[in-house]
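Trainee: Enclosed is the structure file run.csv (CSV, C-alpha atoms).
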chain,number,residue,atom,x,y,z
A,12,MET,CA,132.9,92.8,100.5
A,13,ASN,CA,132.4,96.6,100.4
A,14,THR,CA,132.9,97.4,104.1
A,15,SER,CA,132.0,101.1,103.6
A,16,ALA,CA,128.6,100.2,102.3
A,17,LEU,CA,128.1,97.6,105.1
A,18,ASP,CA,129.3,100.2,107.7
A,19,THR,CA,126.8,102.7,106.3
A,20,TRP,CA,124.0,100.2,106.4
A,21,LEU,CA,124.8,99.2,110.0
A,22,GLN,CA,124.9,102.8,111.1
A,23,GLN,CA,121.6,103.6,109.5
A,24,GLU,CA,120.0,100.4,111.0
A,25,LEU,CA,121.3,101.4,114.5
A,26,GLU,CA,119.7,104.9,114.2
A,27,VAL,CA,116.4,103.4,113.0
A,28,ARG,CA,116.3,100.8,115.8
A,29,GLN,CA,117.1,103.4,118.4
A,30,ARG,CA,114.1,105.4,117.2
A,31,LEU,CA,111.8,102.3,117.1
A,32,ASP,CA,113.0,101.2,120.6
A,33,ALA,CA,112.1,104.6,122.0
A,34,GLY,CA,108.8,104.7,120.1
A,35,ALA,CA,105.6,102.7,120.0
A,36,GLY,CA,107.4,99.3,119.6
A,37,PRO,CA,105.9,96.3,117.8
A,38,GLY,CA,102.1,95.9,117.5
A,39,VAL,CA,99.1,97.1,115.5
A,40,ALA,CA,98.1,100.7,115.0
A,41,ARG,CA,94.7,101.8,116.3
A,42,PRO,CA,92.2,103.1,113.7
A,43,ASP,CA,92.4,106.6,115.3
A,44,GLN,CA,96.2,106.6,114.8
A,45,VAL,CA,96.0,106.2,111.0
A,46,ALA,CA,92.6,107.9,110.3
A,47,GLY,CA,92.9,110.6,107.6
A,48,LYS,CA,96.6,109.8,106.9
A,49,THR,CA,98.0,108.9,103.5
A,50,GLY,CA,99.9,105.6,103.2
A,51,LEU,CA,103.1,107.5,103.0
A,52,GLU,CA,102.3,109.4,106.3
A,53,VAL,CA,101.5,106.0,107.9
A,54,MET,CA,104.8,104.5,106.7
A,55,GLN,CA,106.7,107.6,107.9
A,56,GLY,CA,105.0,107.2,111.3
A,57,LEU,CA,106.2,103.6,111.5
A,58,LEU,CA,109.8,104.7,110.6
A,59,SER,CA,109.7,107.5,113.2
A,60,GLY,CA,108.5,105.2,116.0
A,61,GLU,CA,105.3,107.2,116.3
A,62,LEU,CA,103.3,104.2,115.1
A,63,PRO,CA,103.9,100.5,116.0
A,64,TYR,CA,105.8,98.4,113.6
A,65,ALA,CA,104.9,94.9,112.5
A,66,SER,CA,105.9,92.3,115.1
A,67,ILE,CA,107.1,89.9,112.4
A,68,ALA,CA,110.0,92.3,111.8
A,69,LYS,CA,111.2,91.7,115.3
A,70,THR,CA,110.6,87.9,115.0
A,71,LEU,CA,112.6,87.6,111.7
A,72,ASN,CA,115.2,90.3,112.5
A,73,PHE,CA,114.5,92.9,109.8
A,74,VAL,CA,113.6,96.6,109.9
A,75,LEU,CA,112.2,99.3,107.7
A,76,ILE,CA,115.1,101.6,106.8
A,77,GLU,CA,113.6,104.1,104.3
A,78,VAL,CA,110.3,105.1,102.7
A,79,SER,CA,109.5,107.6,99.9
A,80,PRO,CA,106.7,107.8,97.4
A,81,GLY,CA,106.5,104.4,95.7
A,82,GLN,CA,109.5,103.0,97.5
A,83,ALA,CA,110.2,101.1,100.7
A,84,ILE,CA,113.5,99.6,101.8
A,85,PHE,CA,113.9,96.9,104.5
A,86,GLN,CA,117.1,95.6,105.9
A,87,GLY,CA,117.5,92.2,107.4
A,88,ALA,CA,120.1,90.2,109.2
A,89,PRO,CA,120.0,86.5,108.1
A,90,GLY,CA,120.7,84.4,111.2
A,91,LEU,CA,121.0,80.8,112.4
A,92,ASP,CA,117.3,80.9,113.3
A,93,HIS,CA,116.4,81.5,109.6
A,94,MET,CA,118.3,78.4,108.3
A,95,ASN,CA,116.8,75.5,106.6
A,96,PRO,CA,118.1,71.9,107.3
A,97,LEU,CA,120.5,72.2,104.3
A,98,GLY,CA,122.4,75.1,105.8
A,99,THR,CA,121.1,78.1,103.9
A,100,VAL,CA,118.5,80.8,104.7
A,101,HIS,CA,115.0,79.5,104.3
A,102,GLY,CA,113.1,80.8,101.3
A,103,GLY,CA,110.3,82.0,103.6
A,104,TRP,CA,112.7,84.5,105.1
A,105,PHE,CA,113.5,85.8,101.6
A,106,ALA,CA,109.8,85.9,100.7
A,107,THR,CA,108.7,87.7,103.9
A,108,LEU,CA,111.4,90.4,103.6
A,109,LEU,CA,110.6,91.0,99.9
A,110,ASP,CA,106.8,90.9,100.5
A,111,SER,CA,107.3,93.6,103.2
A,112,ALA,CA,109.2,95.9,100.8
A,113,LEU,CA,106.7,95.3,98.0
A,114,GLY,CA,103.6,95.9,100.2
A,115,CYS,CA,105.0,98.9,101.9
A,116,ALA,CA,106.0,100.5,98.6
A,117,VAL,CA,102.4,100.1,97.5
A,118,HIS,CA,101.2,101.4,100.9
A,119,THR,CA,103.1,104.7,100.3
A,120,MET,CA,100.9,105.4,97.3
A,121,MET,CA,97.6,105.1,99.1
A,122,PRO,CA,95.5,108.2,99.7
A,123,PRO,CA,93.6,108.5,102.9
A,124,GLY,CA,90.7,106.0,103.1
A,125,ARG,CA,92.3,103.6,100.6
A,126,GLY,CA,93.8,100.3,101.3
A,127,TYR,CA,95.3,97.3,99.5
A,128,THR,CA,95.9,93.6,99.9
A,129,THR,CA,98.3,91.3,98.2
A,130,ALA,CA,96.7,89.2,95.4
A,131,ASP,CA,99.8,87.7,94.0
A,132,LEU,CA,103.4,87.3,95.1
A,133,SER,CA,106.2,85.8,93.0
A,134,VAL,CA,109.7,85.3,94.4
A,135,LYS,CA,112.7,84.1,92.5
A,136,LEU,CA,115.7,83.1,94.6
A,137,VAL,CA,118.9,83.4,92.5
A,138,LYS,CA,121.7,82.9,95.1
A,139,ALA,CA,121.9,81.0,98.4
A,140,LEU,CA,122.2,83.2,101.5
A,141,THR,CA,123.9,82.3,104.8
A,142,PRO,CA,124.6,84.3,107.9
A,143,LYS,CA,128.1,85.1,106.5
A,144,VAL,CA,126.3,87.9,104.7
A,145,GLN,CA,125.7,90.2,107.6
A,146,ARG,CA,122.9,92.3,106.0
A,147,VAL,CA,120.7,92.3,103.0
A,148,ARG,CA,118.3,95.0,101.7
A,149,ALA,CA,114.9,94.4,100.1
A,150,ILE,CA,114.2,97.4,97.9
A,151,GLY,CA,110.6,97.6,96.8
A,152,GLN,CA,109.5,100.0,94.0
A,153,VAL,CA,106.0,100.5,92.7
A,154,VAL,CA,105.6,99.9,88.9
A,155,HIS,CA,101.9,100.9,88.7
A,156,CYS,CA,99.3,102.2,91.1
A,157,GLY,CA,95.8,102.6,89.8
A,158,ARG,CA,92.3,102.8,91.3
A,159,GLN,CA,91.9,99.0,91.6
A,160,LEU,CA,95.3,97.5,91.0
A,161,ALA,CA,98.9,98.2,92.0
A,162,THR,CA,102.0,96.3,91.0
A,163,ALA,CA,105.5,96.5,92.4
A,164,GLU,CA,109.0,94.9,92.0
A,165,ALA,CA,111.7,94.3,94.6
A,166,ARG,CA,115.3,93.1,94.7
A,167,LEU,CA,117.1,91.5,97.7
A,168,VAL,CA,120.8,92.6,97.6
A,169,GLY,CA,123.8,92.5,99.7
A,170,PRO,CA,126.1,95.5,100.5
A,171,ASP,CA,128.4,94.5,97.7
A,172,GLY,CA,125.5,94.6,95.2
A,173,THR,CA,125.1,90.8,95.0
A,174,LEU,CA,121.5,89.9,94.0
A,175,TYR,CA,120.1,87.1,96.1
A,176,ALA,CA,116.4,87.3,95.0
A,177,HIS,CA,113.8,89.4,93.2
A,178,ALA,CA,110.1,89.5,93.5
A,179,SER,CA,106.9,91.0,92.1
A,180,THR,CA,103.4,91.6,93.4
A,181,ALA,CA,100.0,92.5,92.3
A,182,CYS,CA,97.8,94.2,94.9
A,183,LEU,CA,94.1,94.9,94.9
A,184,VAL,CA,93.3,98.5,95.9
A,185,PHE,CA,90.0,99.4,97.6
A,186,ASP,CA,88.2,101.8,99.8
A,187,MET,CA,88.6,101.1,103.5
A,188,PRO,CA,85.4,100.3,105.3
A,189,SER,CA,83.9,103.1,107.4
A,190,SER,CA,83.8,102.7,111.2
A,191,PRO,CA,80.4,102.8,113.0
A,192,ASN,CA,80.8,106.6,113.5
A,193,GLY,CA,81.2,107.2,109.8
A,194,THR,CA,85.0,107.8,109.8
A,195,ARG,CA,87.5,105.8,107.9
A,196,PRO,CA,90.4,104.1,109.7
Once more with this new file: its structure as structure tokens, please.
Mentor:
Amino acid sequence: MNTSALDTWLQQELEVRQRLDAGAGPGVARPDQVAGKTGLEVMQGLLSGELPYASIAKTLNFVLIEVSPGQAIFQGAPGLDHMNPLGTVHGGWFATLLDSALGCAVHTMMPPGRGYTTADLSVKLVKALTPKVQRVRAIGQVVHCGRQLATAEARLVGPDGTLYAHASTACLVFDMPSSPNGTRP
């Protein structure tokens, strides 16, 4: 195993978790917290701790590590709580981590007042994963983002470059509904 890559990943995760622990914590952002912001600004707010992050990340022990236009990277620690009865990490854990990277990559491309929802998710598990692998990263990248449809791809890799799974998504893109006072969330 490439210990220098793992050490770098662990240090980056520690820094992010310290920011998140000092910030808003897990939860749901209020409409006034995201109004007028681009998707990238919202994702940067999650990463900085200014906005609450998704509670499922705490439940399944993964964290947003990086965002940039068209890209989102999540890091997860596969644990005993994520195992299936056969002794490997459950496919749902893979899928949730990859879906997060895919959706958040698409989210970074949304202008203010636009949203998206997953219409299709395809996950291919190519190698079993156990807690012996201390961390994996789901790296999501937008392939296309149009007015009505966005597509993205993601890979789940270990610090040594091993590919554990890959996924793709198609997301419907739409105008967010206006609130009663005429503003958009």
Trainee: Counting only C-alpha atoms, what is within 12 Å of Gln86 (chain A), bar same-chain residues fewer than 6 positions away, as number ranges by chain?
Mentor: A: 17, 20-25, 27-28, 68-69, 71-77, 104-105, 107-109, 111-112, 145-151, 166-170
Trainee: Report as a tab-separated table the residues of region 87-178 of chain A within 9 Å of region 47-63 of chain A, each with its shortest atom pair and distance in Å (one decimal), using all atoms listed in the file, ordered by chain and increasing residue number.
Mentor:
residue	atom	partner	partner_atom	distance
A:Cys115	CA	A:Met54	CA	7.4
A:Ala116	CA	A:Leu51	CA	8.8
A:Val117	CA	A:Gly50	CA	8.3
A:His118	CA	A:Gly50	CA	5.0
A:Thr119	CA	A:Leu51	CA	3.9
A:Met120	CA	A:Gly50	CA	6.0
A:Met121	CA	A:Gly50	CA	4.7
A:Pro122	CA	A:Thr49	CA	4.6
A:Pro123	CA	A:Thr49	CA	4.5
A:Gly124	CA	A:Gly47	CA	6.8
A:Arg125	CA	A:Gly50	CA	8.3
A:Gly126	CA	A:Gly50	CA	8.3
Trainee: Residues near Leu160 (chain A), anyone? I mean within 12 Å using all atoms listed in the file, not counting same-chain ones fewer than 2 positions away, as a list in words.
Mentor: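 Non-adjacent residues within range: Val117, Met120, Met121, Arg125, Gly126, Tyr127, Thr128, Thr129, Ala130, Asp131, Val153, Val154, His155, Cys156, Gly157, Arg158, Thr162, Ala163, Thr180, Ala181, Cys182, Leu183, Val184 and Phe185 of chain A.
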Trainee: Please list as a list in words every residue within 9 Å of region 136-141 of chain A, counting only C-alpha atoms and excluding residues in the same chain fewer than 2 positions away.
Mentor: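 Counting only C-alpha atoms, the residues come to Pro89, Gly90, Leu91, His93, Met94, Gly98, Thr99, Val100, His101, Gly102, Phe105, Ala106, Val134, Lys143, Val144, Gln145, Thr173, Leu174, Tyr175, Ala176, His177 and Ala178 of chain A.
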Trainee: Record the distance separating CA of Leu113 (chain A) and CA of Gln82 (chain A), expressed in Å with one decimal.
Mentor: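 Taking CA of Leu113 (chain A) and CA of Gln82 (chain A), their separation equals 8.2 Å.
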Trainee: Work out how far apart CA of Leu31 (chain A) and CA of Ser179 (chain A) are and give it in Å to one decimal.
Mentor: 27.9 Å
Trainee: What does the structure give for the distance between CA of Ser66 (chain A) and CA of Pro37 (chain A), in Å to one decimal?
Mentor: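 That distance, rounded to one decimal, is 4.8 Å.
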Trainee: So, with only C-alpha atoms as the atoms that count, which of A:Pro80, A:Gln152, A:Val45, A:Ala88 lies closest to Ala165 (chain A)?
Mentor: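 Comparing A:Pro80, A:Gln152, A:Val45, A:Ala88 against Ala165 (chain A), the winner is A:Gln152.
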Trainee: Missing atoms in region 142-153 of chain A should be modelled up to all heavy atoms and reported as a PDB file, keeping the file's coordinate frame.
Mentor:
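Contents of rebuild31.pdb, freshly written:
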ATOM      1  N   PRO A 142     124.287  83.254 107.021  1.00  0.00           N
ATOM      2  CA  PRO A 142     124.600  84.300 107.900  1.00  0.00           C
ATOM      3  C   PRO A 142     125.977  84.983 107.733  1.00  0.00           C
ATOM      4  O   PRO A 142     126.277  86.000 108.344  1.00  0.00           O
ATOM      5  CB  PRO A 142     124.492  83.685 109.323  1.00  0.00           C
ATOM      6  CG  PRO A 142     123.528  82.569 109.123  1.00  0.00           C
ATOM      7  CD  PRO A 142     123.854  82.057 107.741  1.00  0.00           C
ATOM      8  N   LYS A 143     126.803  84.423 106.867  1.00  0.00           N
ATOM      9  CA  LYS A 143     128.100  85.100 106.500  1.00  0.00           C
ATOM     10  C   LYS A 143     127.846  86.436 105.900  1.00  0.00           C
ATOM     11  O   LYS A 143     128.683  87.327 106.013  1.00  0.00           O
ATOM     12  CB  LYS A 143     128.905  84.201 105.589  1.00  0.00           C
ATOM     13  CG  LYS A 143     129.473  82.961 106.244  1.00  0.00           C
ATOM     14  CD  LYS A 143     130.270  82.149 105.250  1.00  0.00           C
ATOM     15  CE  LYS A 143     130.734  80.854 105.884  1.00  0.00           C
ATOM     16  NZ  LYS A 143     131.435  79.993 104.916  1.00  0.00           N
ATOM     17  N   VAL A 144     126.694  86.584 105.219  1.00  0.00           N
ATOM     18  CA  VAL A 144     126.300  87.900 104.700  1.00  0.00           C
ATOM     19  C   VAL A 144     125.587  88.586 105.843  1.00  0.00           C
ATOM     20  O   VAL A 144     124.498  88.174 106.232  1.00  0.00           O
ATOM     21  CB  VAL A 144     125.378  87.753 103.458  1.00  0.00           C
ATOM     22  CG1 VAL A 144     124.942  89.121 102.956  1.00  0.00           C
ATOM     23  CG2 VAL A 144     126.063  86.957 102.358  1.00  0.00           C
ATOM     24  N   GLN A 145     126.210  89.631 106.387  1.00  0.00           N
ATOM     25  CA  GLN A 145     125.700  90.200 107.600  1.00  0.00           C
ATOM     26  C   GLN A 145     124.362  90.935 107.447  1.00  0.00           C
ATOM     27  O   GLN A 145     123.547  90.952 108.362  1.00  0.00           O
ATOM     28  CB  GLN A 145     126.715  91.207 108.191  1.00  0.00           C
ATOM     29  CG  GLN A 145     127.974  90.527 108.674  1.00  0.00           C
ATOM     30  CD  GLN A 145     128.958  91.524 109.247  1.00  0.00           C
ATOM     31  OE1 GLN A 145     128.569  92.436 109.972  1.00  0.00           O
ATOM     32  NE2 GLN A 145     130.218  91.357 108.923  1.00  0.00           N
ATOM     33  N   ARG A 146     124.146  91.562 106.292  1.00  0.00           N
ATOM     34  CA  ARG A 146     122.900  92.300 106.000  1.00  0.00           C
ATOM     35  C   ARG A 146     122.534  92.176 104.577  1.00  0.00           C
ATOM     36  O   ARG A 146     123.410  92.116 103.716  1.00  0.00           O
ATOM     37  CB  ARG A 146     122.991  93.768 106.400  1.00  0.00           C
ATOM     38  CG  ARG A 146     123.222  94.087 107.855  1.00  0.00           C
ATOM     39  CD  ARG A 146     122.048  93.659 108.719  1.00  0.00           C
ATOM     40  NE  ARG A 146     122.165  94.100 110.092  1.00  0.00           N
ATOM     41  CZ  ARG A 146     122.867  93.468 111.038  1.00  0.00           C
ATOM     42  NH1 ARG A 146     123.548  92.382 110.758  1.00  0.00           N
ATOM     43  NH2 ARG A 146     122.875  93.928 112.280  1.00  0.00           N
ATOM     44  N   VAL A 147     121.232  92.204 104.332  1.00  0.00           N
ATOM     45  CA  VAL A 147     120.700  92.300 103.000  1.00  0.00           C
ATOM     46  C   VAL A 147     119.617  93.395 103.008  1.00  0.00           C
ATOM     47  O   VAL A 147     119.040  93.678 104.062  1.00  0.00           O
ATOM     48  CB  VAL A 147     120.129  91.009 102.413  1.00  0.00           C
ATOM     49  CG1 VAL A 147     121.242  90.010 102.124  1.00  0.00           C
ATOM     50  CG2 VAL A 147     119.091  90.408 103.346  1.00  0.00           C
ATOM     51  N   ARG A 148     119.355  93.962 101.842  1.00  0.00           N
ATOM     52  CA  ARG A 148     118.300  95.000 101.700  1.00  0.00           C
ATOM     53  C   ARG A 148     117.279  94.496 100.668  1.00  0.00           C
ATOM     54  O   ARG A 148     117.664  94.097  99.574  1.00  0.00           O
ATOM     55  CB  ARG A 148     118.840  96.323 101.343  1.00  0.00           C
ATOM     56  CG  ARG A 148     119.434  97.036 102.522  1.00  0.00           C
ATOM     57  CD  ARG A 148     119.681  98.481 102.251  1.00  0.00           C
ATOM     58  NE  ARG A 148     120.052  99.133 103.513  1.00  0.00           N
ATOM     59  CZ  ARG A 148     120.309 100.402 103.637  1.00  0.00           C
ATOM     60  NH1 ARG A 148     120.238 101.211 102.580  1.00  0.00           N
ATOM     61  NH2 ARG A 148     120.632 100.917 104.811  1.00  0.00           N
ATOM     62  N   ALA A 149     116.010  94.619 101.036  1.00  0.00           N
ATOM     63  CA  ALA A 149     114.900  94.400 100.100  1.00  0.00           C
ATOM     64  C   ALA A 149     114.438  95.789  99.687  1.00  0.00           C
ATOM     65  O   ALA A 149     113.966  96.575 100.517  1.00  0.00           O
ATOM     66  CB  ALA A 149     113.786  93.620 100.765  1.00  0.00           C
ATOM     67  N   ILE A 150     114.584  96.081  98.412  1.00  0.00           N
ATOM     68  CA  ILE A 150     114.200  97.400  97.900  1.00  0.00           C
ATOM     69  C   ILE A 150     113.019  97.246  96.996  1.00  0.00           C
ATOM     70  O   ILE A 150     113.090  96.643  95.922  1.00  0.00           O
ATOM     71  CB  ILE A 150     115.427  97.984  97.083  1.00  0.00           C
ATOM     72  CG1 ILE A 150     116.672  98.038  97.983  1.00  0.00           C
ATOM     73  CG2 ILE A 150     115.080  99.352  96.515  1.00  0.00           C
ATOM     74  CD1 ILE A 150     117.970  98.238  97.234  1.00  0.00           C
ATOM     75  N   GLY A 151     111.894  97.734  97.476  1.00  0.00           N
ATOM     76  CA  GLY A 151     110.600  97.600  96.800  1.00  0.00           C
ATOM     77  C   GLY A 151     110.287  98.919  96.048  1.00  0.00           C
ATOM     78  O   GLY A 151     110.453 100.003  96.610  1.00  0.00           O
ATOM     79  N   GLN A 152     109.802  98.787  94.817  1.00  0.00           N
ATOM     80  CA  GLN A 152     109.500 100.000  94.000  1.00  0.00           C
ATOM     81  C   GLN A 152     108.150  99.706  93.271  1.00  0.00           C
ATOM     82  O   GLN A 152     107.979  98.670  92.624  1.00  0.00           O
ATOM     83  CB  GLN A 152     110.588 100.166  92.952  1.00  0.00           C
ATOM     84  CG  GLN A 152     110.458 101.414  92.135  1.00  0.00           C
ATOM     85  CD  GLN A 152     110.774 102.667  92.934  1.00  0.00           C
ATOM     86  OE1 GLN A 152     111.740 102.709  93.679  1.00  0.00           O
ATOM     87  NE2 GLN A 152     109.947 103.679  92.795  1.00  0.00           N
ATOM     88  N   VAL A 153     107.236 100.660  93.373  1.00  0.00           N
ATOM     89  CA  VAL A 153     106.000 100.500  92.700  1.00  0.00           C
ATOM     90  C   VAL A 153     106.179 100.708  91.176  1.00  0.00           C
ATOM     91  O   VAL A 153     106.901 101.607  90.740  1.00  0.00           O
ATOM     92  CB  VAL A 153     104.953 101.601  93.192  1.00  0.00           C
ATOM     93  CG1 VAL A 153     103.712 101.667  92.320  1.00  0.00           C
ATOM     94  CG2 VAL A 153     104.573 101.301  94.625  1.00  0.00           C
TER      95      VAL A 153
END
